[in-house]
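Contents: one structure, followed by commentary.
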Amino acid sequence: MSLQKNVLGTTLRTCCKKPLTGFFRNGLCETDEEDVGSHTVCIQATAEFLEFSKAVGNDLSTPNLLFGFEGVKPGDCWCLCLSRWKQAFDEGKAPKIKLESCNVEVLKLVPLEILKQYAL
């Protein structure tokens, strides 16, 4: 169980275990000062979003077995970098999110009212 909070002010919940996600690869969108990308937004990937992300330089869908990464598929949940979600939002490509699994740190860039519009 995480000691970090989610955007709703309660205990941060698991985003996904398969594929295993999070900066610490523990299934949670936890963060600390080492996580310069702020992997704090728990998304549910769509084909449209994965194509967008690949086009802007973050290929999440191609497996990289050298690092044990099987690739993210449509329907998978994933701890995404906050700046990437915001970029997708600004361009009308933002995927849905699991509010209970989004780290409270997200609120530093995106208001809760906007996040609620993208809640699963």
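Order determines the names: the first chain of the structure tokens is A, the second B, and so forth; residues in each chain are numbered 1 upward, and ligands are numbered 1 upward as they are shown.
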
Residues near Asn103 (chain A), anyone? I mean within 7 Å using only C-alpha atoms, not counting same-chain ones fewer than 6 positions away, as a CSV table (one decimal) with C-alpha atoms, in the first residue's frame.
```
chain,number,residue,atom,x,y,z
A,5,LYS,CA,-2.1,10.3,-2.0
A,6,ASN,CA,-4.1,10.5,-5.1
A,7,VAL,CA,-5.8,13.5,-6.7
A,12,LEU,CA,-3.0,6.1,-4.0
A,29,CYS,CA,2.1,6.0,-10.0
A,30,GLU,CA,4.3,7.0,-7.1
A,40,THR,CA,2.0,10.3,-12.1
A,41,VAL,CA,-1.0,10.0,-14.4
```

Given only C-alpha atoms, how would the per-residue table for region 37-57 of chain A near region 74-98 of chain A read, listing every residue at most 7 Å away with its closest atom pair and distance in Å to one decimal, sorted by chain and number, as a tab-separated table?
```
residue	atom	partner	partner_atom	distance
A:Gly37	CA	A:Cys81	CA	5.4
A:Ser38	CA	A:Cys81	CA	5.2
A:His39	CA	A:Cys81	CA	4.1
A:Thr40	CA	A:Cys79	CA	5.8
A:Val41	CA	A:Leu80	CA	5.1
A:Cys42	CA	A:Cys79	CA	4.5
A:Ile43	CA	A:Ile97	CA	4.3
A:Gln44	CA	A:Cys77	CA	4.3
A:Ala45	CA	A:Pro74	CA	4.9
A:Thr46	CA	A:Pro74	CA	4.4
A:Ala47	CA	A:Pro74	CA	5.3
A:Phe49	CA	A:Lys93	CA	5.9
```

Q.
Show me, as number ranges by chain, the residues that have an atom within 10 Å of Thr62 (chain A) when counting only C-alpha atoms, minus same-chain residues fewer than 5 positions from it.
A. A: 50, 54, 69-73

Q) If you run DSSP on the backbone, which residues of region 30-114 of chain A are alpha helix (DSSP H), as a PyMOL selection string? A) chain A and resi 47-55+82-90+112-114

Q: Would you please give, as a ChimeraX atom specification, all residues of region 44-94 of chain A that DSSP assigns to strand (DSSP E or B) based on the backbone?
A: /A:44,64,69,77-81

Restricted to N, CA and C atoms, what would the selected residues look like written as a short mmCIF file (atom, residue, chain, number, x, y, z; two decimals), in the first residue's frame?
```cif
data_model
loop_
_atom_site.label_atom_id
_atom_site.label_comp_id
_atom_site.auth_asym_id
_atom_site.auth_seq_id
_atom_site.Cartn_x
_atom_site.Cartn_y
_atom_site.Cartn_z
N GLN A 44 -5.69 4.94 -19.27
CA GLN A 44 -6.07 3.73 -19.98
C GLN A 44 -5.80 4.03 -21.45
N ASN A 64 10.17 -3.70 -25.98
CA ASN A 64 11.62 -3.63 -25.84
C ASN A 64 11.99 -4.72 -24.83
N PHE A 69 10.15 -4.98 -21.40
CA PHE A 69 8.97 -4.17 -21.70
C PHE A 69 8.23 -4.77 -22.87
N CYS A 77 -3.59 -0.09 -18.76
CA CYS A 77 -3.37 1.11 -17.96
C CYS A 77 -1.88 1.30 -17.79
N TRP A 78 -1.46 2.56 -17.60
CA TRP A 78 -0.04 2.89 -17.59
C TRP A 78 0.17 4.20 -16.84
N CYS A 79 1.23 4.28 -16.06
CA CYS A 79 1.61 5.52 -15.38
C CYS A 79 2.37 6.39 -16.37
N LEU A 80 1.71 7.40 -16.86
CA LEU A 80 2.23 8.27 -17.89
C LEU A 80 2.85 9.51 -17.27
N CYS A 81 3.84 10.07 -17.96
CA CYS A 81 4.43 11.34 -17.53
C CYS A 81 3.37 12.43 -17.58
#
```

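Between CA of Asn58 (chain A) and CA of Cys102 (chain A) there is a distance of 19.7 Å.
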
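Taking CA of Arg13 (chain A) as the reference point, CA of Glu100 (chain A) is found at 5.7 Å.
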
Q. When distances are computed from only C-alpha atoms, which of A:Val36, A:Leu3, A:Leu60, A:Leu99 shows the smallest separation from Leu115 (chain A)?
A.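 Closest to Leu115 (chain A), using only C-alpha atoms: A:Leu99.
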
**Q.** CA of Glu33 (chain A) to CA of Val110 (chain A), distance in Å rounded to a single decimal
**A.**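 Interatomic distance, CA of Glu33 (chain A) to CA of Val110 (chain A): 19.3 Å.
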
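Of the listed residues A:Asp59, A:Thr21, A:Asp35, A:Leu8, the one whose atoms come nearest to Ala119 (chain A) is A:Leu8, with distances taken using only C-alpha atoms.
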